[in-house]
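input-v5.txt, holding compact mmCIF, C-alpha atoms:
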# COMPACT_ATOMS: atom_id res chain seq x y z
CA SER A 1 123.23 -75.87 286.45
CA SER A 2 124.53 -72.60 285.01
CA SER A 3 128.21 -72.23 284.05
CA PRO A 4 130.24 -69.75 286.10
CA THR A 5 130.68 -66.29 284.61
CA THR A 6 134.29 -65.51 283.58
CA LYS A 7 135.93 -62.14 283.28
CA ALA A 8 137.78 -60.80 280.19
CA VAL A 9 140.46 -58.19 280.85
CA LEU A 10 141.45 -55.77 278.08
CA PRO A 11 144.66 -53.66 277.94
CA VAL A 12 144.60 -50.51 280.00
CA ALA A 13 145.12 -48.35 276.88
CA SER A 14 141.84 -49.54 275.40
CA SER A 15 138.88 -47.16 275.50
CA TRP A 16 136.59 -50.05 276.17
CA VAL A 17 135.48 -51.28 279.57
CA THR A 18 138.23 -53.42 281.01
CA SER A 19 136.02 -56.00 282.56
CA VAL A 20 132.73 -57.24 281.17
CA SER A 21 130.72 -60.39 281.36
CA ALA A 22 131.77 -62.94 278.72
CA SER A 23 128.12 -63.67 277.96
CA ARG A 24 127.55 -60.01 276.91
CA TRP A 25 130.99 -58.84 275.70
CA MET A 26 131.55 -58.10 271.94
CA PRO A 27 135.01 -57.58 270.43
CA PRO A 28 135.66 -53.99 269.38
CA GLU A 29 136.57 -55.19 265.86
CA SER A 30 132.98 -56.24 265.10
CA PRO A 31 130.69 -53.59 263.57
CA VAL A 32 127.57 -55.66 264.18
CA SER A 33 125.56 -55.56 267.37
CA ASN A 34 123.62 -58.48 268.89
CA SER A 35 120.53 -57.32 266.99
CA GLY A 36 122.30 -57.55 263.63
CA ALA A 37 122.04 -53.78 262.93
CA SER A 38 125.06 -52.11 261.38
CA ARG A 39 126.85 -49.44 263.42
CA ARG A 40 130.24 -47.76 263.46
CA VAL A 41 132.56 -48.98 266.19
CA PRO A 42 134.18 -46.19 268.23
CA GLY A 43 137.75 -45.63 267.08
CA ARG A 44 137.23 -47.21 263.63
CA PRO A 45 137.69 -44.85 260.63
CA LYS A 46 134.56 -43.99 258.70
CA GLY A 47 136.07 -45.46 255.56
CA GLY A 48 136.33 -48.95 257.04
CA THR A 49 134.93 -51.90 255.12
CA PRO A 50 131.25 -52.31 256.03
CA SER A 51 129.75 -55.63 256.91
CA SER A 52 127.41 -57.22 254.35
CA ALA A 53 124.94 -58.02 257.12
CA GLY A 54 121.77 -55.96 256.83
CA VAL A 55 122.87 -54.27 253.54
CA LYS A 56 120.52 -54.79 250.59
CA ALA A 57 122.06 -55.22 247.13
CA LEU A 58 121.03 -53.06 244.16
CA SER A 59 117.66 -54.04 242.76
CA TRP A 60 115.91 -52.36 239.85
CA ASP A 61 113.11 -52.92 237.40
CA VAL A 62 111.14 -51.09 234.70
CA GLU A 63 107.37 -50.68 234.58
CA LEU A 64 106.15 -50.05 231.03
CA PRO A 65 102.93 -48.08 230.44
CA SER A 66 99.99 -49.94 228.97
CA ARG A 67 99.13 -49.26 225.33
CA GLU A 68 95.72 -48.04 226.46
CA GLN A 69 97.22 -45.39 228.73
CA ALA A 70 96.34 -41.93 227.41
CA SER A 71 98.71 -39.01 227.01
CA LEU A 72 98.54 -36.32 229.69
CA GLY A 73 98.99 -32.67 228.77
CA GLY A 74 100.54 -33.57 225.42
CA MET A 75 103.15 -35.85 227.04
CA ARG A 76 103.32 -39.41 225.75
CA PRO A 77 102.95 -42.19 228.37
CA ARG A 78 106.31 -42.92 229.99
CA ALA A 79 107.90 -45.90 231.67
CA THR A 80 108.97 -45.96 235.32
CA LEU A 81 112.44 -47.02 236.45
CA VAL A 82 112.21 -48.43 239.99
CA ILE A 83 115.49 -48.46 241.96
CA GLU A 84 116.17 -50.03 245.37
CA ALA A 85 119.77 -49.53 246.47
CA GLY A 86 121.04 -50.46 249.90
CA THR A 87 119.12 -48.88 252.74
CA GLN A 88 117.94 -45.95 250.61
CA ARG A 89 114.28 -45.38 249.92
CA GLU A 90 112.82 -46.70 246.68
CA GLU A 91 113.28 -44.33 243.75
CA ARG A 92 110.81 -44.09 240.88
CA LEU A 93 112.07 -42.23 237.82
CA LEU A 94 109.94 -41.48 234.76
CA VAL A 95 111.75 -42.27 231.51
CA PRO A 96 110.68 -42.38 227.83
CA ARG A 97 109.01 -45.63 226.83
CA ALA A 98 111.79 -46.44 224.35
CA VAL A 99 114.40 -46.02 227.10
CA GLY A 100 112.45 -48.28 229.45
CA LYS A 101 112.24 -51.01 226.82
CA ARG A 102 115.97 -50.77 226.12
CA LEU A 103 116.80 -51.06 229.84
CA LEU A 104 114.55 -54.11 230.18
CA ALA A 105 116.36 -55.71 227.25
CA LEU A 106 119.68 -54.99 228.96
CA LYS A 107 118.47 -56.62 232.18
CA GLY A 108 117.07 -59.66 230.42
CA SER A 109 120.13 -60.26 228.26
CA GLY A 110 122.27 -61.24 231.23
CA GLY A 111 125.20 -59.41 229.66
CA ARG A 112 126.60 -56.31 231.35
CA THR A 113 126.03 -56.33 235.11
CA VAL A 114 125.01 -53.10 236.81
CA ALA A 115 126.45 -53.23 240.32
CA SER A 116 125.58 -49.82 241.78
CA ARG A 117 123.09 -47.00 241.58
CA GLU A 118 125.70 -44.76 239.97
CA GLU A 119 126.34 -47.32 237.23
CA LEU A 120 122.61 -47.67 236.60
CA LEU A 121 122.12 -43.89 236.30
CA PHE A 122 125.08 -43.71 233.91
CA GLU A 123 123.53 -46.46 231.81
CA LEU A 124 120.21 -44.62 231.92
CA HIS A 125 121.78 -41.40 230.62
CA ARG A 126 123.67 -43.21 227.86
CA THR A 127 120.55 -45.10 226.79
CA GLU A 128 118.44 -41.92 226.81
CA GLU A 129 120.93 -40.12 224.56
CA SER A 130 120.96 -43.05 222.13
CA CYS A 131 117.17 -43.36 221.99
CA CYS A 132 116.75 -39.60 221.61
CA GLY A 133 119.12 -39.61 218.64
CA LEU A 134 117.22 -42.45 216.97
CA ARG A 135 113.90 -40.71 217.55
CA ALA A 136 115.17 -37.44 216.05
CA GLU A 137 116.61 -39.30 213.08
CA TRP A 138 113.25 -40.98 212.45
CA LEU A 139 111.39 -37.66 212.65
CA VAL A 140 113.61 -35.75 210.19
CA GLY A 141 113.44 -38.73 207.85
CA ARG A 142 109.74 -38.06 207.39
CA ARG A 143 109.79 -34.25 206.89
CA ASP A 144 111.69 -31.09 207.71
CA TYR A 145 111.36 -29.58 211.20
CA SER A 146 112.05 -26.24 212.77
CA VAL A 147 114.22 -26.16 215.88
CA GLY A 148 111.17 -25.31 218.00
CA GLU A 149 109.11 -28.15 216.55
CA MET A 150 111.82 -30.75 217.05
CA THR A 151 112.47 -29.60 220.62
CA ASP A 152 108.77 -29.81 221.41
CA ARG A 153 108.39 -33.29 219.90
CA LEU A 154 111.34 -34.76 221.81
CA ARG A 155 110.27 -33.16 225.09
CA ARG A 156 106.75 -34.54 224.68
CA ASP A 157 108.29 -37.98 224.20
CA GLY A 158 109.72 -37.61 227.70
CA TYR A 159 113.40 -36.92 227.00
CA SER A 160 115.12 -34.62 229.48
CA GLN A 161 115.87 -31.02 228.56
CA SER A 162 119.65 -31.49 228.68
CA VAL A 163 119.54 -34.53 226.38
CA VAL A 164 117.24 -32.73 223.94
CA ASP A 165 119.42 -29.61 223.95
CA ASN A 166 122.50 -31.69 223.09
CA GLN A 167 120.67 -33.42 220.26
CA ILE A 168 119.34 -30.14 218.85
CA GLU A 169 122.81 -28.55 219.02
CA ARG A 170 124.33 -31.42 217.01
CA TYR A 171 121.60 -31.18 214.36
CA VAL A 172 121.90 -27.40 214.02
CA GLU A 173 125.69 -27.58 213.70
CA GLY A 174 125.34 -30.33 211.09
CA GLY A 175 122.71 -28.44 209.10
CA VAL A 176 120.02 -31.05 209.70
CA LEU A 177 117.87 -28.35 211.32
CA ASP A 178 117.83 -24.92 209.70
CA ASP A 179 115.07 -22.46 210.59
CA ALA A 180 115.78 -20.19 207.61
CA ARG A 181 115.49 -23.08 205.15
CA TYR A 182 112.41 -24.40 206.89
CA ALA A 183 110.67 -21.01 206.93
CA ASP A 184 111.35 -20.35 203.25
CA ALA A 185 109.85 -23.68 202.19
CA PHE A 186 106.92 -23.25 204.59
CA VAL A 187 106.03 -19.76 203.32
CA ARG A 188 106.12 -20.77 199.65
CA SER A 189 104.01 -23.89 200.23
CA ARG A 190 101.37 -21.98 202.20
CA ILE A 191 101.18 -19.23 199.61
CA SER A 192 100.41 -21.89 196.99
CA CYS A 193 97.60 -23.10 199.28
CA GLY A 194 96.06 -19.61 199.35
CA TRP A 195 97.23 -18.49 202.80
CA GLY A 196 97.70 -14.81 203.52
CA ALA A 197 100.77 -13.20 205.03
CA ARG A 198 99.14 -12.76 208.44
CA LYS A 199 98.21 -16.42 208.85
CA ILE A 200 101.62 -17.57 207.63
CA ALA A 201 103.36 -15.29 210.14
CA LEU A 202 101.20 -16.55 213.02
CA GLU A 203 101.81 -20.18 212.12
CA LEU A 204 105.56 -19.68 211.89
CA ARG A 205 105.62 -18.03 215.31
CA ARG A 206 103.77 -21.02 216.70
CA ARG A 207 106.60 -23.17 215.35
CA GLY A 208 109.22 -21.00 217.03
CA ILE A 209 110.20 -18.79 214.08
CA ASP A 210 109.75 -15.01 214.04
CA VAL A 211 109.09 -13.80 210.49
CA ASP A 212 110.68 -10.45 211.33
CA GLY A 213 113.99 -12.27 211.34
CA LEU A 214 113.51 -13.58 207.79
CA PRO A 215 115.37 -11.67 205.07
CA ALA A 216 113.11 -9.55 202.84
CA TRP A 217 109.87 -10.59 204.54
CA PRO A 218 107.30 -10.13 203.10
CA GLU A 219 108.56 -8.39 199.91
CA GLU A 220 110.41 -11.44 198.62
CA TYR A 221 107.28 -13.57 198.82
CA PHE A 222 104.48 -11.12 198.04
CA GLU A 223 104.69 -8.79 195.06
CA ARG A 224 102.94 -5.44 195.19
CA ASP A 225 99.19 -5.97 194.99
CA SER A 226 99.71 -9.74 194.60
CA GLU A 227 98.06 -10.27 197.99
CA TYR A 228 95.01 -8.37 196.82
CA ARG A 229 94.82 -10.34 193.56
CA ARG A 230 95.11 -13.66 195.36
CA ALA A 231 92.45 -12.70 197.89
CA LEU A 232 90.12 -11.49 195.17
CA GLY A 233 90.67 -14.66 193.17
CA LEU A 234 89.91 -16.91 196.16
CA ALA A 235 86.78 -15.01 197.13
CA SER A 236 85.53 -14.89 193.54
CA MET A 237 85.57 -18.69 193.38
CA ARG A 238 83.03 -18.95 196.23
CA SER A 239 79.36 -18.10 196.41
CA PHE A 240 78.32 -15.85 199.28
CA SER A 241 74.60 -15.77 199.92
CA GLY A 242 72.49 -14.73 202.88
CA ARG A 243 71.62 -11.56 204.64
CA ASP A 244 75.14 -10.15 204.79
CA PRO A 245 77.43 -11.40 201.98
CA TYR A 246 79.84 -8.55 202.72
CA ALA A 247 80.52 -9.89 206.21
CA GLN A 248 80.81 -13.41 204.83
CA VAL A 249 83.56 -12.35 202.43
CA VAL A 250 85.44 -10.58 205.21
CA ARG A 251 85.23 -13.59 207.55
CA PHE A 252 86.29 -15.99 204.80
CA LEU A 253 89.40 -14.02 203.88
CA CYS A 254 90.38 -13.38 207.51
CA THR A 255 90.24 -17.10 208.27
CA ARG A 256 92.59 -17.64 205.32
CA GLY A 257 95.11 -15.31 206.91
CA PHE A 258 94.55 -12.14 204.91
CA ASP A 259 94.71 -8.74 206.54
CA VAL A 260 91.39 -7.30 207.77
CA GLY A 261 91.78 -4.13 205.71
CA LEU A 262 92.49 -6.16 202.60
CA ALA A 263 89.48 -8.37 203.31
CA HIS A 264 87.21 -5.30 203.44
CA ARG A 265 88.69 -4.02 200.20
CA VAL A 266 87.90 -7.29 198.43
CA ALA A 267 84.42 -7.45 199.96
CA ARG A 268 83.62 -4.00 198.61
CA GLU A 269 84.86 -5.03 195.19
CA LEU A 270 82.70 -8.16 195.10
CA VAL A 271 79.53 -6.99 196.87
CA GLU A 272 79.32 -3.35 196.02
CA GLY A 273 80.90 -3.57 192.56
Using the file provided, produce a representation of the structure as structure tokens.
Amino acid sequence: SSSPTTKAVLPVASSWVTSVSASRWMPPESPVSNSGASRRVPGRPKGGTPSSAGVKALSWDVELPSREQASLGGMRPRATLVIEAGTQREERLLVPRAVGKRLLALKGSGGRTVASREELLFELHRTEESCCGLRAEWLVGRRDYSVGEMTDRLRRDGYSQSVVDNQIERYVEGGVLDDARYADAFVRSRISCGWGARKIALELRRRGIDVDGLPAWPEEYFERDSEYRRALGLASMRSFSGRDPYAQVVRFLCTRGFDVGLAHRVARELVEG
């Protein structure tokens, strides 16, 4: 036998129905429907404390690239930070491999607890800055870099533009990176290897340095007729045989970075006497 249905009467001032079946009625204080789905109760401020029912806690993980994974377009393989926060869709963020490994170590240590997506992104940014600084320190410990070279290396490692820009700015202000110093050493070393002015200029531009901005270029590095003497000396050390030794001399000197007109001048000297 079914129990009789009773009536619940609410105050007249309430915006709710004043008489409902007890078997179907839900108090206005509850934000949860019969189905368990979260909803805002009419009359409750939006900033009210939400119910934990149906709300998923922050979950995140890091997927590291395999060592066999090849670089794409010059970019080194990167890790993937997977974030699941609340009812939001899963996020997948590409991060440098070193950053991914550091975050995994943080998660496995059981130390600092990351409770929200905002905290996790803050930790990501802080870790990326730290790893970027260590990577730059390791690079300059091996050899000198131009600003353009260092920027390119860090970007290819997967570090964000803002983090790289901050790192570059600190190194320039501290004198760790100095394009004028780098260019001077580069020019002198390439001259000793037999490079011509044209090839040196092209290579410096590829590294982000315009030789036109260098003081006394090229007079400070190349004495009058020294370019001709160096080109003649290099070509004289080689044997050019075949149907067209003149063209061979010109091609050889052009590939070494000497001016085309200078290459023809040397070829005439060697082939035609």
Residues at most 12 Å from Tyr228 (chain A), counting all atoms listed in the file, excluding those fewer than 5 positions away in the same chain, as a PyMOL selection string? chain A and resi 194-197+222-223+233-236+253+258-267+269
Once you have the residues from the selection above, write them out as a CSV table (one decimal), in the coordinates of the input, restricted to C-alpha atoms.
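Final output, out.csv:
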chain,number,residue,atom,x,y,z
A,194,GLY,CA,96.1,-19.6,199.4
A,195,TRP,CA,97.2,-18.5,202.8
A,196,GLY,CA,97.7,-14.8,203.5
A,197,ALA,CA,100.8,-13.2,205.0
A,222,PHE,CA,104.5,-11.1,198.0
A,223,GLU,CA,104.7,-8.8,195.1
A,233,GLY,CA,90.7,-14.7,193.2
A,234,LEU,CA,89.9,-16.9,196.2
A,235,ALA,CA,86.8,-15.0,197.1
A,236,SER,CA,85.5,-14.9,193.5
A,253,LEU,CA,89.4,-14.0,203.9
A,258,PHE,CA,94.6,-12.1,204.9
A,259,ASP,CA,94.7,-8.7,206.5
A,260,VAL,CA,91.4,-7.3,207.8
A,261,GLY,CA,91.8,-4.1,205.7
A,262,LEU,CA,92.5,-6.2,202.6
A,263,ALA,CA,89.5,-8.4,203.3
A,264,HIS,CA,87.2,-5.3,203.4
A,265,ARG,CA,88.7,-4.0,200.2
A,266,VAL,CA,87.9,-7.3,198.4
A,267,ALA,CA,84.4,-7.4,200.0
A,269,GLU,CA,84.9,-5.0,195.2
Distance CA of Gly100 (chain A)-CA of Gly86 (chain A), one decimal place? 22.3 Å
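A straight line drawn from CA of Gly148 (chain A) to CA of Ser130 (chain A) is 20.7 Å long.
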In Å, with one decimal, what is the gap from CA of Val114 (chain A) to CA of Asp157 (chain A)?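 These atoms are spaced 25.8 Å apart.
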Hey, what's within 12 Å of region 159-167 of chain A if we count only C-alpha atoms and toss same-chain stuff fewer than 6 positions away? As JSON, numbers by chain, please? {"A": [75, 76, 77, 78, 79, 93, 94, 95, 96, 97, 98, 99, 100, 124, 125, 126, 127, 128, 129, 130, 131, 132, 133, 134, 135, 136, 137, 147, 148, 149, 150, 151, 152, 153, 173, 174, 176, 177]}
Deliver the residues from the most recent selection as a file, using C-alpha atoms, as a compact mmCIF listing (two decimals), in the coordinates of the input.
# COMPACT_ATOMS: atom_id res chain seq x y z
CA MET A 75 103.15 -35.85 227.04
CA ARG A 76 103.32 -39.41 225.75
CA PRO A 77 102.95 -42.19 228.37
CA ARG A 78 106.31 -42.92 229.99
CA ALA A 79 107.90 -45.90 231.67
CA LEU A 93 112.07 -42.23 237.82
CA LEU A 94 109.94 -41.48 234.76
CA VAL A 95 111.75 -42.27 231.51
CA PRO A 96 110.68 -42.38 227.83
CA ARG A 97 109.01 -45.63 226.83
CA ALA A 98 111.79 -46.44 224.35
CA VAL A 99 114.40 -46.02 227.10
CA GLY A 100 112.45 -48.28 229.45
CA LEU A 124 120.21 -44.62 231.92
CA HIS A 125 121.78 -41.40 230.62
CA ARG A 126 123.67 -43.21 227.86
CA THR A 127 120.55 -45.10 226.79
CA GLU A 128 118.44 -41.92 226.81
CA GLU A 129 120.93 -40.12 224.56
CA SER A 130 120.96 -43.05 222.13
CA CYS A 131 117.17 -43.36 221.99
CA CYS A 132 116.75 -39.60 221.61
CA GLY A 133 119.12 -39.61 218.64
CA LEU A 134 117.22 -42.45 216.97
CA ARG A 135 113.90 -40.71 217.55
CA ALA A 136 115.17 -37.44 216.05
CA GLU A 137 116.61 -39.30 213.08
CA VAL A 147 114.22 -26.16 215.88
CA GLY A 148 111.17 -25.31 218.00
CA GLU A 149 109.11 -28.15 216.55
CA MET A 150 111.82 -30.75 217.05
CA THR A 151 112.47 -29.60 220.62
CA ASP A 152 108.77 -29.81 221.41
CA ARG A 153 108.39 -33.29 219.90
CA GLU A 173 125.69 -27.58 213.70
CA GLY A 174 125.34 -30.33 211.09
CA VAL A 176 120.02 -31.05 209.70
CA LEU A 177 117.87 -28.35 211.32
Using 3 Å of padding on each side, determine the axis-aligned box around all atoms of region 191-210 of chain A present in the file and give its centre and edge lengths in Å to one decimal, as AutoDock Vina command-line options.
--center_x 103.1 --center_y -18.0 --center_z 207.0 --size_x 20.1 --size_y 16.4 --size_z 26.0
If we count only C-alpha atoms and set the cut-off at 12 Å, which residues sit around region 212-214 of chain A, ignoring sequence neighbours fewer than 5 positions away in its own chain? Please answer as a PyMOL selection string. chain A and resi 179-184+187+201-202+204-205+219-221
I need the residues from that last selection saved to file as a PDB file, keeping the file's coordinate frame (with C-alpha atoms), if you can.
ATOM      1  CA  ASP A 179     115.070 -22.460 210.590  1.00  0.00           C
ATOM      2  CA  ALA A 180     115.780 -20.190 207.610  1.00  0.00           C
ATOM      3  CA  ARG A 181     115.490 -23.080 205.150  1.00  0.00           C
ATOM      4  CA  TYR A 182     112.410 -24.400 206.890  1.00  0.00           C
ATOM      5  CA  ALA A 183     110.670 -21.010 206.930  1.00  0.00           C
ATOM      6  CA  ASP A 184     111.350 -20.350 203.250  1.00  0.00           C
ATOM      7  CA  VAL A 187     106.030 -19.760 203.320  1.00  0.00           C
ATOM      8  CA  ALA A 201     103.360 -15.290 210.140  1.00  0.00           C
ATOM      9  CA  LEU A 202     101.200 -16.550 213.020  1.00  0.00           C
ATOM     10  CA  LEU A 204     105.560 -19.680 211.890  1.00  0.00           C
ATOM     11  CA  ARG A 205     105.620 -18.030 215.310  1.00  0.00           C
ATOM     12  CA  GLU A 219     108.560  -8.390 199.910  1.00  0.00           C
ATOM     13  CA  GLU A 220     110.410 -11.440 198.620  1.00  0.00           C
ATOM     14  CA  TYR A 221     107.280 -13.570 198.820  1.00  0.00           C
TER      15      TYR A 221
END
For Thr113 (chain A), find every residue with an atom within 12 Å (counting only C-alpha atoms), except residues of its own chain fewer than 4 positions away, and show them as a list in words.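 After dropping sequence-adjacent residues, the list is Leu58, Ser59, Trp60, Leu103, Leu106, Lys107, Gly108, Ser109, Arg117, Glu119, Leu120 and Glu123 of chain A.
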Best match for closeness to Ala231 (chain A) among A:Gly175, A:Pro218, A:Gly257, A:Gly208, counting only C-alpha atoms: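 Residue with the minimum atom-to-atom distance to Ala231 (chain A): A:Gly257.
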Which residues come within 9 Å of Ala57 (chain A), counting all atoms listed in the file, excluding same-chain residues fewer than 3 positions away, as a list in words? Glu84, Ala85, Gly86, Thr87, Ala115 and Ser116 of chain A
Please extract region 195-222 of chain A and write it out with C-alpha atoms, as a PDB file, in the first residue's frame.
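Result file decode02.pdb:
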ATOM      1  CA  TRP A 195      87.729  33.204 -46.539  1.00  0.00           C
ATOM      2  CA  GLY A 196      87.046  36.281 -48.620  1.00  0.00           C
ATOM      3  CA  ALA A 197      85.173  39.372 -47.491  1.00  0.00           C
ATOM      4  CA  ARG A 198      82.026  38.445 -49.418  1.00  0.00           C
ATOM      5  CA  LYS A 199      81.660  35.010 -47.829  1.00  0.00           C
ATOM      6  CA  ILE A 200      82.385  36.381 -44.364  1.00  0.00           C
ATOM      7  CA  ALA A 201      79.718  39.066 -44.794  1.00  0.00           C
ATOM      8  CA  LEU A 202      77.125  36.534 -45.975  1.00  0.00           C
ATOM      9  CA  GLU A 203      77.845  34.188 -43.082  1.00  0.00           C
ATOM     10  CA  LEU A 204      77.587  36.974 -40.519  1.00  0.00           C
ATOM     11  CA  ARG A 205      74.231  38.052 -41.944  1.00  0.00           C
ATOM     12  CA  ARG A 206      73.030  34.477 -41.598  1.00  0.00           C
ATOM     13  CA  ARG A 207      73.937  34.722 -37.910  1.00  0.00           C
ATOM     14  CA  GLY A 208      71.969  37.942 -37.510  1.00  0.00           C
ATOM     15  CA  ILE A 209      74.817  40.462 -37.831  1.00  0.00           C
ATOM     16  CA  ASP A 210      75.002  43.088 -40.581  1.00  0.00           C
ATOM     17  CA  VAL A 211      78.640  43.834 -41.433  1.00  0.00           C
ATOM     18  CA  ASP A 212      77.680  47.360 -42.468  1.00  0.00           C
ATOM     19  CA  GLY A 213      77.179  48.072 -38.784  1.00  0.00           C
ATOM     20  CA  LEU A 214      80.728  46.997 -37.898  1.00  0.00           C
ATOM     21  CA  PRO A 215      83.217  49.835 -37.380  1.00  0.00           C
ATOM     22  CA  ALA A 216      85.784  50.180 -40.191  1.00  0.00           C
ATOM     23  CA  TRP A 217      84.505  47.200 -42.193  1.00  0.00           C
ATOM     24  CA  PRO A 218      86.290  46.016 -44.264  1.00  0.00           C
ATOM     25  CA  GLU A 219      89.318  48.369 -44.043  1.00  0.00           C
ATOM     26  CA  GLU A 220      90.280  47.286 -40.536  1.00  0.00           C
ATOM     27  CA  TYR A 221      90.453  43.648 -41.581  1.00  0.00           C
ATOM     28  CA  PHE A 222      91.651  43.806 -45.182  1.00  0.00           C
TER      29      PHE A 222
END
